[in-house]
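Data block below; observations after.
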Amino acid sequence: MTKPAENTRIVLASRPVGEPQPSDFRIETVPVPVPGDGQLLLKTLYLSLDPYMRGRMSAAKSYADPVELGDVMVGGTVCEVVESKDPAFHEGDVVLSFSGWQTHSVIDAHHVRKLDPEAAPVQSWLGVLGMPGFTGYAGLLRIGDPKPGETVVVAAATGPVGSAVGQIAKIKGARAVGIAGGPEKVAYLREIGFDAAIDHRAPDFAEQLAAACPDGVDVYFENVGGAVWAAVCPLLNDFARVPVCGLVSHYNETEAPAGPDRLPGFMNDVLKKSLTIRGFIQSEFVKSDFKAFVGDMSGWMHAGRIAYREDIVEGLENAPAAFNGMLAGRNFGKLIIKVAEAGS
C-alpha cells in the first residue's frame, strides 16, 4: 500500500448559531502524520455522522468536551491500517476507530478494534453493530425494560437507534409503534415488522398515534422532543418508562420555545403516574452490556430478526451538507460518509 503524502480534514471554523452553515467548517490539506511506537497510521474508509456532533460544536457545558475551533470534527470511523508500529496489527487490517472527519490519522493501537470483514459488512460497526445499535439496545433494555404485551413507542424510528429499539422490543414480546417522517419511511417500518407506524408530518398525527396505542404507552424511547413528545406524553401509562437518548428537534434552537410553561403540568404527570424519565449516554453501559450486545445483535442479524438500512454518501467533502440533512430528517437509515475504497 502506497503511503499517502497528504491528509484532507474538515475542521470546525466557527461555532454555529442555529443550523450549521458551510462557513462553520473548513477543509484543510496537511501532511500525513507519522506513527510512533505502538501507533497505527490509518486511512479512513467510512465516517459515521450522528446527531450528538451538533452538541460538540457548542462551547456549552455538556457530558463531553466541545470540539475546539480549528480542531478536526469528531466521529466514529472504519479505517484501514496503512502502517503499523504495533505487532498486533498489520498493513491492510480493518479497524474501528474514532478518527473524525479526515482521510488519514495516527491512533494508539490500544484505542482501535480489529474487525473481521467476513463476519459482517465493516460499515455496520458504525450503525447496527456499533454505537447507535448499542444505544438502542442498552437504553431500551436497561431503562425501558419492556415486558411482553406492553406498548413501546420510538421516534426517529427509521434511524439506526430507533429501528434497533423497535425490533428489539418485538423480540422481547412487546408491541412496537414507530414514528417517522414521510410515507416511504412509514412503509419501511411496517415492512420490518413494526406493529404500527405513524407519520409525524400528518396533520392528524396525534390522533393517529392515540389510535395506534389503544392501551396507552408503557415505554417511550425519546430521540426527538418537540411536537412528537407533546403527542406521546398524554398517552403514557402509570409506571411508564422514558429513556431519553436525544432531542434532535431542539438542537439548532437559539431561544426558548414560545408558548405557556408546560413544566408544572409535566411534573404533575410524573408524580401522578409514577413515571420514570431517565436520560443516558450509551458509554455508561459499555462495561456491563457491550459484550452481550455484540453477541445478541450479531445473532439476531444472522437469524434474520434484525433488519437495518444505511444511507451512504460518497465523499468527505459532502459531510457538512449531509450532517445538516440528518438534523432535518432527510436521511433514510444510518448516515455514513464513504471516504475511500479499501486497498486503494
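In the C-alpha cells, each chain is lettered A, B, ... as it comes, each chain's residues begin at 1, and ligands are numbered from 1 in order of appearance.
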For A:Asp71, please output as an mmCIF file with all heavy atoms, in the first residue's frame all residues within 12 Å (counting only C-alpha atoms; exclusion window: fewer than 6 positions along the same chain).
data_model
loop_
_atom_site.group_PDB
_atom_site.id
_atom_site.type_symbol
_atom_site.label_atom_id
_atom_site.label_comp_id
_atom_site.auth_asym_id
_atom_site.auth_seq_id
_atom_site.Cartn_x
_atom_site.Cartn_y
_atom_site.Cartn_z
ATOM 1 N N ARG A 9 -8.739 17.071 5.813
ATOM 2 C CA ARG A 9 -9.535 17.053 7.045
ATOM 3 C C ARG A 9 -10.522 18.213 7.058
ATOM 4 O O ARG A 9 -10.302 19.235 6.398
ATOM 5 C CB ARG A 9 -8.629 17.117 8.272
ATOM 6 C CG ARG A 9 -7.801 18.389 8.389
ATOM 7 C CD ARG A 9 -6.794 18.281 9.517
ATOM 8 N NE ARG A 9 -6.169 19.579 9.804
ATOM 9 C CZ ARG A 9 -5.241 19.777 10.738
ATOM 10 N NH1 ARG A 9 -4.814 18.751 11.466
ATOM 11 N NH2 ARG A 9 -4.743 20.982 10.951
ATOM 12 N N ILE A 10 -11.611 18.025 7.805
ATOM 13 C CA ILE A 10 -12.622 19.073 7.976
ATOM 14 C C ILE A 10 -12.578 19.497 9.432
ATOM 15 O O ILE A 10 -12.772 18.675 10.350
ATOM 16 C CB ILE A 10 -14.019 18.588 7.574
ATOM 17 C CG1 ILE A 10 -14.032 18.195 6.092
ATOM 18 C CG2 ILE A 10 -15.063 19.669 7.865
ATOM 19 C CD1 ILE A 10 -15.364 17.676 5.595
ATOM 20 N N VAL A 11 -12.325 20.782 9.641
ATOM 21 C CA VAL A 11 -12.207 21.314 10.998
ATOM 22 C C VAL A 11 -13.369 22.261 11.286
ATOM 23 O O VAL A 11 -14.044 22.753 10.380
ATOM 24 C CB VAL A 11 -10.858 22.047 11.203
ATOM 25 C CG1 VAL A 11 -9.690 21.122 10.873
ATOM 26 C CG2 VAL A 11 -10.796 23.323 10.362
ATOM 27 N N LEU A 12 -13.602 22.500 12.576
ATOM 28 C CA LEU A 12 -14.633 23.453 12.986
ATOM 29 C C LEU A 12 -14.049 24.862 12.898
ATOM 30 O O LEU A 12 -13.121 25.215 13.622
ATOM 31 C CB LEU A 12 -15.076 23.141 14.423
ATOM 32 C CG LEU A 12 -16.233 23.977 14.956
ATOM 33 C CD1 LEU A 12 -17.514 23.691 14.174
ATOM 34 C CD2 LEU A 12 -16.466 23.697 16.445
ATOM 35 N N ALA A 13 -14.597 25.664 11.993
ATOM 36 C CA ALA A 13 -14.074 27.016 11.762
ATOM 37 C C ALA A 13 -14.721 28.046 12.670
ATOM 38 O O ALA A 13 -14.091 29.026 13.068
ATOM 39 C CB ALA A 13 -14.276 27.402 10.300
ATOM 40 N N SER A 14 -16.000 27.838 13.003
ATOM 41 C CA SER A 14 -16.712 28.754 13.901
ATOM 42 C C SER A 14 -17.857 27.992 14.550
ATOM 43 O O SER A 14 -18.296 26.959 14.035
ATOM 44 C CB SER A 14 -17.238 29.980 13.145
ATOM 45 O OG SER A 14 -18.075 29.597 12.078
ATOM 46 N N ARG A 15 -18.323 28.488 15.667
ATOM 47 C CA ARG A 15 -19.398 27.806 16.386
ATOM 48 C C ARG A 15 -20.745 28.198 15.773
ATOM 49 O O ARG A 15 -21.072 29.379 15.681
ATOM 50 C CB ARG A 15 -19.354 28.144 17.874
ATOM 51 C CG ARG A 15 -18.025 27.743 18.513
ATOM 52 C CD ARG A 15 -18.165 27.391 19.968
ATOM 53 N NE ARG A 15 -16.870 27.012 20.532
ATOM 54 C CZ ARG A 15 -16.342 25.803 20.448
ATOM 55 N NH1 ARG A 15 -17.006 24.842 19.821
ATOM 56 N NH2 ARG A 15 -15.160 25.539 20.981
ATOM 57 N N ASP A 24 -19.101 27.419 8.804
ATOM 58 C CA ASP A 24 -18.714 26.919 10.124
ATOM 59 C C ASP A 24 -17.687 25.791 10.028
ATOM 60 O O ASP A 24 -17.140 25.358 11.057
ATOM 61 C CB ASP A 24 -19.941 26.416 10.895
ATOM 62 C CG ASP A 24 -20.898 27.538 11.248
ATOM 63 O OD1 ASP A 24 -20.420 28.635 11.576
ATOM 64 O OD2 ASP A 24 -22.133 27.321 11.192
ATOM 65 N N PHE A 25 -17.438 25.309 8.804
ATOM 66 C CA PHE A 25 -16.469 24.242 8.581
ATOM 67 C C PHE A 25 -15.383 24.743 7.627
ATOM 68 O O PHE A 25 -15.608 25.643 6.828
ATOM 69 C CB PHE A 25 -17.146 23.013 7.966
ATOM 70 C CG PHE A 25 -18.303 22.484 8.780
ATOM 71 C CD1 PHE A 25 -19.607 22.863 8.488
ATOM 72 C CD2 PHE A 25 -18.087 21.610 9.835
ATOM 73 C CE1 PHE A 25 -20.671 22.372 9.225
ATOM 74 C CE2 PHE A 25 -19.145 21.119 10.580
ATOM 75 C CZ PHE A 25 -20.433 21.501 10.279
ATOM 76 N N ARG A 26 -14.223 24.112 7.723
ATOM 77 C CA ARG A 26 -13.134 24.460 6.804
ATOM 78 C C ARG A 26 -12.426 23.165 6.393
ATOM 79 O O ARG A 26 -12.101 22.323 7.244
ATOM 80 C CB ARG A 26 -12.145 25.405 7.476
ATOM 81 C CG ARG A 26 -11.023 25.886 6.556
ATOM 82 C CD ARG A 26 -10.200 26.999 7.185
ATOM 83 N NE ARG A 26 -9.461 26.547 8.375
ATOM 84 C CZ ARG A 26 -9.737 26.948 9.616
ATOM 85 N NH1 ARG A 26 -10.732 27.798 9.842
ATOM 86 N NH2 ARG A 26 -9.031 26.501 10.640
ATOM 87 N N ILE A 27 -12.203 23.010 5.088
ATOM 88 C CA ILE A 27 -11.457 21.865 4.579
ATOM 89 C C ILE A 27 -9.987 22.255 4.470
ATOM 90 O O ILE A 27 -9.644 23.283 3.878
ATOM 91 C CB ILE A 27 -11.992 21.407 3.215
ATOM 92 C CG1 ILE A 27 -13.462 20.966 3.350
ATOM 93 C CG2 ILE A 27 -11.153 20.257 2.662
ATOM 94 C CD1 ILE A 27 -14.094 20.531 2.039
ATOM 95 N N GLU A 28 -9.131 21.433 5.062
ATOM 96 C CA GLU A 28 -7.696 21.699 5.067
ATOM 97 C C GLU A 28 -6.944 20.498 4.492
ATOM 98 O O GLU A 28 -7.396 19.360 4.593
ATOM 99 C CB GLU A 28 -7.193 21.942 6.492
ATOM 100 C CG GLU A 28 -7.799 23.139 7.192
ATOM 101 C CD GLU A 28 -7.266 23.322 8.601
ATOM 102 O OE1 GLU A 28 -6.706 22.346 9.178
ATOM 103 O OE2 GLU A 28 -7.394 24.442 9.127
ATOM 104 N N ARG A 56 -21.345 18.851 20.212
ATOM 105 C CA ARG A 56 -19.897 19.028 20.337
ATOM 106 C C ARG A 56 -19.410 20.285 19.619
ATOM 107 O O ARG A 56 -18.278 20.729 19.848
ATOM 108 C CB ARG A 56 -19.179 17.797 19.763
ATOM 109 C CG ARG A 56 -19.525 16.479 20.447
ATOM 110 C CD ARG A 56 -19.017 16.371 21.858
ATOM 111 N NE ARG A 56 -17.591 16.296 21.933
ATOM 112 C CZ ARG A 56 -16.886 15.171 21.822
ATOM 113 N NH1 ARG A 56 -17.505 14.021 21.621
ATOM 114 N NH2 ARG A 56 -15.576 15.188 21.920
ATOM 115 N N MET A 57 -20.256 20.878 18.766
ATOM 116 C CA MET A 57 -19.891 22.124 18.098
ATOM 117 C C MET A 57 -20.099 23.333 18.997
ATOM 118 O O MET A 57 -19.647 24.433 18.688
ATOM 119 C CB MET A 57 -20.718 22.301 16.820
ATOM 120 C CG MET A 57 -20.473 21.244 15.770
ATOM 121 S SD MET A 57 -21.567 21.484 14.337
ATOM 122 C CE MET A 57 -21.252 19.978 13.427
ATOM 123 N N SER A 99 -11.493 8.429 14.467
ATOM 124 C CA SER A 99 -10.532 9.294 13.791
ATOM 125 C C SER A 99 -11.107 10.634 13.361
ATOM 126 O O SER A 99 -10.360 11.556 13.053
ATOM 127 C CB SER A 99 -9.967 8.570 12.564
ATOM 128 O OG SER A 99 -9.312 7.384 12.941
ATOM 129 N N GLY A 100 -12.430 10.749 13.287
ATOM 130 C CA GLY A 100 -13.039 12.018 12.935
ATOM 131 C C GLY A 100 -13.096 12.277 11.442
ATOM 132 O O GLY A 100 -12.875 11.383 10.618
ATOM 133 N N TRP A 101 -13.388 13.523 11.100
ATOM 134 C CA TRP A 101 -13.656 13.920 9.714
ATOM 135 C C TRP A 101 -12.345 14.184 8.973
ATOM 136 O O TRP A 101 -11.997 15.324 8.665
ATOM 137 C CB TRP A 101 -14.524 15.167 9.683
ATOM 138 C CG TRP A 101 -15.892 15.040 10.301
ATOM 139 C CD1 TRP A 101 -16.310 14.151 11.235
ATOM 140 C CD2 TRP A 101 -17.026 15.864 10.024
ATOM 141 N NE1 TRP A 101 -17.620 14.352 11.571
ATOM 142 C CE2 TRP A 101 -18.091 15.410 10.836
ATOM 143 C CE3 TRP A 101 -17.255 16.959 9.182
ATOM 144 C CZ2 TRP A 101 -19.359 16.002 10.834
ATOM 145 C CZ3 TRP A 101 -18.519 17.559 9.173
ATOM 146 C CH2 TRP A 101 -19.557 17.068 9.980
ATOM 147 N N GLN A 102 -11.614 13.126 8.650
ATOM 148 C CA GLN A 102 -10.360 13.283 7.923
ATOM 149 C C GLN A 102 -10.033 11.990 7.181
ATOM 150 O O GLN A 102 -10.554 10.921 7.509
ATOM 151 C CB GLN A 102 -9.230 13.671 8.869
ATOM 152 C CG GLN A 102 -8.989 12.727 10.017
ATOM 153 C CD GLN A 102 -7.933 13.249 10.976
ATOM 154 O OE1 GLN A 102 -7.095 14.097 10.620
ATOM 155 N NE2 GLN A 102 -7.958 12.768 12.203
#
Which neighbours of A:Met131 fall inside 12 Å, counting only C-alpha atoms, when residues of the same chain fewer than 3 positions from it are skipped, and could you give them as a PDB file with N, CA, C and O atoms, in the first residue's frame?
ATOM      1  N   SER A  48     -18.894   7.902  10.334  1.00  0.00           N
ATOM      2  CA  SER A  48     -20.254   7.961  10.866  1.00  0.00           C
ATOM      3  C   SER A  48     -20.641   9.407  11.152  1.00  0.00           C
ATOM      4  O   SER A  48     -19.855  10.163  11.744  1.00  0.00           O
ATOM      5  N   LEU A  49     -21.860   9.792  10.751  1.00  0.00           N
ATOM      6  CA  LEU A  49     -22.423  11.085  11.130  1.00  0.00           C
ATOM      7  C   LEU A  49     -23.585  10.824  12.089  1.00  0.00           C
ATOM      8  O   LEU A  49     -24.480  10.031  11.780  1.00  0.00           O
ATOM      9  N   ASP A  50     -23.558  11.501  13.244  1.00  0.00           N
ATOM     10  CA  ASP A  50     -24.530  11.254  14.305  1.00  0.00           C
ATOM     11  C   ASP A  50     -24.978  12.572  14.928  1.00  0.00           C
ATOM     12  O   ASP A  50     -24.206  13.540  14.985  1.00  0.00           O
ATOM     13  N   TYR A  52     -25.263  13.639  17.934  1.00  0.00           N
ATOM     14  CA  TYR A  52     -24.520  14.171  19.081  1.00  0.00           C
ATOM     15  C   TYR A  52     -23.452  15.177  18.655  1.00  0.00           C
ATOM     16  O   TYR A  52     -23.029  16.030  19.454  1.00  0.00           O
ATOM     17  N   GLY A  75     -15.725  11.962  15.225  1.00  0.00           N
ATOM     18  CA  GLY A  75     -16.631  10.991  14.631  1.00  0.00           C
ATOM     19  C   GLY A  75     -16.039   9.596  14.611  1.00  0.00           C
ATOM     20  O   GLY A  75     -14.821   9.416  14.500  1.00  0.00           O
ATOM     21  N   GLY A  76     -16.918   8.613  14.728  1.00  0.00           N
ATOM     22  CA  GLY A  76     -16.512   7.226  14.617  1.00  0.00           C
ATOM     23  C   GLY A  76     -16.180   6.881  13.178  1.00  0.00           C
ATOM     24  O   GLY A  76     -16.802   7.394  12.235  1.00  0.00           O
ATOM     25  N   THR A  77     -15.200   5.992  12.995  1.00  0.00           N
ATOM     26  CA  THR A  77     -14.732   5.657  11.661  1.00  0.00           C
ATOM     27  C   THR A  77     -14.407   4.168  11.547  1.00  0.00           C
ATOM     28  O   THR A  77     -14.094   3.511  12.537  1.00  0.00           O
ATOM     29  N   LEU A  96     -12.004  -0.452  13.752  1.00  0.00           N
ATOM     30  CA  LEU A  96     -12.968   0.551  14.208  1.00  0.00           C
ATOM     31  C   LEU A  96     -12.213   1.553  15.051  1.00  0.00           C
ATOM     32  O   LEU A  96     -11.478   1.178  15.975  1.00  0.00           O
ATOM     33  N   SER A  97     -12.361   2.830  14.767  1.00  0.00           N
ATOM     34  CA  SER A  97     -11.615   3.853  15.498  1.00  0.00           C
ATOM     35  C   SER A  97     -12.476   5.106  15.654  1.00  0.00           C
ATOM     36  O   SER A  97     -13.656   5.114  15.283  1.00  0.00           O
ATOM     37  N   PHE A  98     -11.877   6.146  16.178  1.00  0.00           N
ATOM     38  CA  PHE A  98     -12.574   7.424  16.379  1.00  0.00           C
ATOM     39  C   PHE A  98     -11.694   8.519  15.784  1.00  0.00           C
ATOM     40  O   PHE A  98     -11.215   9.406  16.467  1.00  0.00           O
ATOM     41  N   GLN A 123     -18.902  -1.429   7.543  1.00  0.00           N
ATOM     42  CA  GLN A 123     -19.564  -0.175   7.918  1.00  0.00           C
ATOM     43  C   GLN A 123     -20.699  -0.395   8.910  1.00  0.00           C
ATOM     44  O   GLN A 123     -21.155   0.553   9.570  1.00  0.00           O
ATOM     45  N   SER A 124     -21.174  -1.642   9.045  1.00  0.00           N
ATOM     46  CA  SER A 124     -22.244  -1.905  10.012  1.00  0.00           C
ATOM     47  C   SER A 124     -21.788  -1.680  11.446  1.00  0.00           C
ATOM     48  O   SER A 124     -22.620  -1.515  12.346  1.00  0.00           O
ATOM     49  N   TRP A 125     -20.466  -1.645  11.673  1.00  0.00           N
ATOM     50  CA  TRP A 125     -19.947  -1.346  13.017  1.00  0.00           C
ATOM     51  C   TRP A 125     -20.089   0.134  13.372  1.00  0.00           C
ATOM     52  O   TRP A 125     -19.833   0.528  14.513  1.00  0.00           O
ATOM     53  N   LEU A 126     -20.515   0.945  12.414  1.00  0.00           N
ATOM     54  CA  LEU A 126     -20.847   2.342  12.697  1.00  0.00           C
ATOM     55  C   LEU A 126     -22.336   2.528  12.943  1.00  0.00           C
ATOM     56  O   LEU A 126     -22.776   3.615  13.299  1.00  0.00           O
ATOM     57  N   GLY A 127     -23.117   1.461  12.738  1.00  0.00           N
ATOM     58  CA  GLY A 127     -24.563   1.557  12.868  1.00  0.00           C
ATOM     59  C   GLY A 127     -25.136   0.473  13.731  1.00  0.00           C
ATOM     60  O   GLY A 127     -25.034   0.503  14.956  1.00  0.00           O
ATOM     61  N   VAL A 128     -25.700  -0.553  13.101  1.00  0.00           N
ATOM     62  CA  VAL A 128     -26.447  -1.567  13.835  1.00  0.00           C
ATOM     63  C   VAL A 128     -25.568  -2.337  14.824  1.00  0.00           C
ATOM     64  O   VAL A 128     -26.026  -2.722  15.902  1.00  0.00           O
ATOM     65  N   PHE A 134     -25.998  -0.075  19.826  1.00  0.00           N
ATOM     66  CA  PHE A 134     -25.815  -0.295  21.263  1.00  0.00           C
ATOM     67  C   PHE A 134     -26.626   0.708  22.077  1.00  0.00           C
ATOM     68  O   PHE A 134     -27.172   0.376  23.140  1.00  0.00           O
ATOM     69  N   THR A 135     -26.744   1.942  21.597  1.00  0.00           N
ATOM     70  CA  THR A 135     -27.553   2.947  22.293  1.00  0.00           C
ATOM     71  C   THR A 135     -28.993   2.469  22.419  1.00  0.00           C
ATOM     72  O   THR A 135     -29.604   2.552  23.496  1.00  0.00           O
ATOM     73  N   GLY A 136     -29.559   1.973  21.311  1.00  0.00           N
ATOM     74  CA  GLY A 136     -30.926   1.463  21.357  1.00  0.00           C
ATOM     75  C   GLY A 136     -31.059   0.259  22.266  1.00  0.00           C
ATOM     76  O   GLY A 136     -32.000   0.162  23.065  1.00  0.00           O
ATOM     77  N   TYR A 137     -30.127  -0.657  22.169  1.00  0.00           N
ATOM     78  CA  TYR A 137     -30.135  -1.894  22.968  1.00  0.00           C
ATOM     79  C   TYR A 137     -30.075  -1.580  24.461  1.00  0.00           C
ATOM     80  O   TYR A 137     -30.913  -2.026  25.254  1.00  0.00           O
ATOM     81  N   ALA A 138     -29.067  -0.813  24.867  1.00  0.00           N
ATOM     82  CA  ALA A 138     -28.863  -0.550  26.288  1.00  0.00           C
ATOM     83  C   ALA A 138     -29.971   0.331  26.858  1.00  0.00           C
ATOM     84  O   ALA A 138     -30.489   0.075  27.951  1.00  0.00           O
ATOM     85  N   GLY A 139     -30.350   1.375  26.127  1.00  0.00           N
ATOM     86  CA  GLY A 139     -31.387   2.269  26.634  1.00  0.00           C
ATOM     87  C   GLY A 139     -32.724   1.574  26.785  1.00  0.00           C
ATOM     88  O   GLY A 139     -33.431   1.759  27.784  1.00  0.00           O
ATOM     89  N   PRO A 160     -30.783   4.540  12.929  1.00  0.00           N
ATOM     90  CA  PRO A 160     -30.123   3.341  13.456  1.00  0.00           C
ATOM     91  C   PRO A 160     -30.472   3.038  14.897  1.00  0.00           C
ATOM     92  O   PRO A 160     -30.512   1.865  15.289  1.00  0.00           O
ATOM     93  N   VAL A 161     -30.731   4.074  15.700  1.00  0.00           N
ATOM     94  CA  VAL A 161     -31.130   3.839  17.087  1.00  0.00           C
ATOM     95  C   VAL A 161     -32.588   3.386  17.137  1.00  0.00           C
ATOM     96  O   VAL A 161     -32.924   2.361  17.719  1.00  0.00           O
ATOM     97  N   ALA A 164     -33.429  -0.111  15.780  1.00  0.00           N
ATOM     98  CA  ALA A 164     -32.980  -1.150  16.710  1.00  0.00           C
ATOM     99  C   ALA A 164     -33.946  -1.265  17.879  1.00  0.00           C
ATOM    100  O   ALA A 164     -34.326  -2.377  18.284  1.00  0.00           O
ATOM    101  N   ILE A 281     -26.301   8.326  28.493  1.00  0.00           N
ATOM    102  CA  ILE A 281     -25.302   8.313  27.440  1.00  0.00           C
ATOM    103  C   ILE A 281     -24.825   6.874  27.333  1.00  0.00           C
ATOM    104  O   ILE A 281     -24.503   6.237  28.343  1.00  0.00           O
ATOM    105  N   GLN A 282     -24.766   6.351  26.140  1.00  0.00           N
ATOM    106  CA  GLN A 282     -24.513   4.920  25.971  1.00  0.00           C
ATOM    107  C   GLN A 282     -23.219   4.440  26.628  1.00  0.00           C
ATOM    108  O   GLN A 282     -23.121   3.286  27.060  1.00  0.00           O
ATOM    109  N   SER A 283     -22.235   5.332  26.759  1.00  0.00           N
ATOM    110  CA  SER A 283     -20.940   4.921  27.309  1.00  0.00           C
ATOM    111  C   SER A 283     -21.045   4.400  28.738  1.00  0.00           C
ATOM    112  O   SER A 283     -20.205   3.609  29.174  1.00  0.00           O
ATOM    113  N   PHE A 285     -22.973   2.268  29.842  1.00  0.00           N
ATOM    114  CA  PHE A 285     -23.346   0.852  29.856  1.00  0.00           C
ATOM    115  C   PHE A 285     -22.335  -0.042  29.132  1.00  0.00           C
ATOM    116  O   PHE A 285     -22.548  -1.251  29.029  1.00  0.00           O
ATOM    117  N   VAL A 286     -21.252   0.534  28.621  1.00  0.00           N
ATOM    118  CA  VAL A 286     -20.325  -0.256  27.808  1.00  0.00           C
ATOM    119  C   VAL A 286     -19.725  -1.420  28.595  1.00  0.00           C
ATOM    120  O   VAL A 286     -19.710  -2.569  28.139  1.00  0.00           O
ATOM    121  N   PHE A 290     -21.824  -4.186  26.667  1.00  0.00           N
ATOM    122  CA  PHE A 290     -21.426  -4.190  25.257  1.00  0.00           C
ATOM    123  C   PHE A 290     -21.130  -5.592  24.743  1.00  0.00           C
ATOM    124  O   PHE A 290     -21.500  -5.942  23.612  1.00  0.00           O
ATOM    125  N   PHE A 293     -24.332  -7.222  24.015  1.00  0.00           N
ATOM    126  CA  PHE A 293     -24.934  -6.592  22.844  1.00  0.00           C
ATOM    127  C   PHE A 293     -24.377  -7.173  21.555  1.00  0.00           C
ATOM    128  O   PHE A 293     -25.134  -7.538  20.644  1.00  0.00           O
ATOM    129  N   VAL A 294     -23.046  -7.274  21.443  1.00  0.00           N
ATOM    130  CA  VAL A 294     -22.439  -7.790  20.216  1.00  0.00           C
ATOM    131  C   VAL A 294     -22.921  -9.213  19.951  1.00  0.00           C
ATOM    132  O   VAL A 294     -23.276  -9.568  18.813  1.00  0.00           O
ATOM    133  N   LYS A 334     -29.063   4.689   8.652  1.00  0.00           N
ATOM    134  CA  LYS A 334     -27.816   5.153   9.269  1.00  0.00           C
ATOM    135  C   LYS A 334     -27.005   5.947   8.264  1.00  0.00           C
ATOM    136  O   LYS A 334     -26.649   5.445   7.200  1.00  0.00           O
TER     137      LYS A 334
END
Show me, as a PyMOL selection string, the residues that have an atom within 8 Å of A:Leu189 when counting only C-alpha atoms, minus same-chain residues fewer than 4 positions from it. chain A and resi 157-158+163+178+185+193-194+196-197
Go ahead and write the selection's residues with C-alpha atoms as a tab-separated table (two decimals), in the first residue's frame.
chain	number	residue	atom	x	y	z
A	157	ALA	CA	-37.75	5.05	14.09
A	158	THR	CA	-36.03	4.51	10.74
A	163	SER	CA	-35.02	0.90	14.24
A	178	GLY	CA	-42.66	3.68	15.22
A	185	LYS	CA	-40.26	5.73	5.97
A	193	GLY	CA	-42.21	-5.72	11.45
A	194	PHE	CA	-43.36	-2.72	13.49
A	196	ALA	CA	-47.85	0.35	13.71
A	197	ALA	CA	-46.08	3.25	12.02
Compare A:Ile143, A:Ala176, A:Cys79, A:Ile306 by their minimum atom-to-atom distance to A:Val94, counting only C-alpha atoms, and give me the closest one. A:Cys79
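Contact shell of A:Lys85 at 12 Å (only C-alpha atoms; same-chain neighbours under 6 positions omitted): A:Val34, A:Pro35, A:Gly36, A:Asp37, A:Gly38, A:Gln39, A:Leu40, A:Leu41, A:Leu42, A:Glu91, A:Val106, A:Ile107, A:Asp108, A:Ala109, A:His110.
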Leaving out A:Ala340 and any residue of its chain fewer than 2 positions from it, which residues lie within 8 Å of it when counting only C-alpha atoms, given as a PyMOL selection string? chain A and resi 43-46+103+315+338+342+344
For the residues in that selection, give me C-alpha atoms as a short mmCIF file (atom, residue, chain, number, x, y, z; two decimals), in the first residue's frame.
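Just written: out-v6.cif:
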data_model
loop_
_atom_site.label_atom_id
_atom_site.label_comp_id
_atom_site.auth_asym_id
_atom_site.auth_seq_id
_atom_site.Cartn_x
_atom_site.Cartn_y
_atom_site.Cartn_z
CA LYS A 43 -6.81 5.54 6.14
CA THR A 44 -10.48 6.32 6.70
CA LEU A 45 -12.88 4.17 4.72
CA TYR A 46 -16.19 5.17 6.34
CA THR A 103 -8.83 10.95 5.37
CA GLY A 315 -17.00 11.93 -0.43
CA LYS A 338 -17.81 6.75 2.29
CA ALA A 342 -10.16 -0.39 0.87
CA SER A 344 -6.60 1.74 -2.88
#
Which residues are close to A:Val186, i.e. within 7 Å by only C-alpha atoms, leaving aside same-chain residues fewer than 5 positions away? Reply as a short mmCIF file (atom, residue, chain, number, x, y, z; two decimals) with all heavy atoms, in the first residue's frame.
data_model
loop_
_atom_site.label_atom_id
_atom_site.label_comp_id
_atom_site.auth_asym_id
_atom_site.auth_seq_id
_atom_site.Cartn_x
_atom_site.Cartn_y
_atom_site.Cartn_z
N ALA A 180 -42.06 8.25 12.27
CA ALA A 180 -41.07 8.67 11.28
C ALA A 180 -41.67 9.76 10.41
O ALA A 180 -42.86 10.07 10.51
CB ALA A 180 -40.62 7.48 10.43
N ALA A 197 -47.02 2.22 12.41
CA ALA A 197 -46.08 3.25 12.02
C ALA A 197 -46.86 4.52 11.70
O ALA A 197 -47.86 4.47 10.98
CB ALA A 197 -45.26 2.81 10.81
N ILE A 198 -46.41 5.64 12.25
CA ILE A 198 -47.15 6.90 12.15
C ILE A 198 -46.24 7.97 11.57
O ILE A 198 -45.07 8.09 11.95
CB ILE A 198 -47.64 7.37 13.54
CG1 ILE A 198 -48.31 6.23 14.33
CG2 ILE A 198 -48.59 8.56 13.38
CD1 ILE A 198 -49.54 5.67 13.70
N ASP A 199 -46.79 8.76 10.65
CA ASP A 199 -46.06 9.87 10.03
C ASP A 199 -46.26 11.12 10.89
O ASP A 199 -47.38 11.63 11.00
CB ASP A 199 -46.59 10.10 8.61
CG ASP A 199 -45.81 11.16 7.85
OD1 ASP A 199 -44.97 11.86 8.45
OD2 ASP A 199 -46.07 11.30 6.63
#
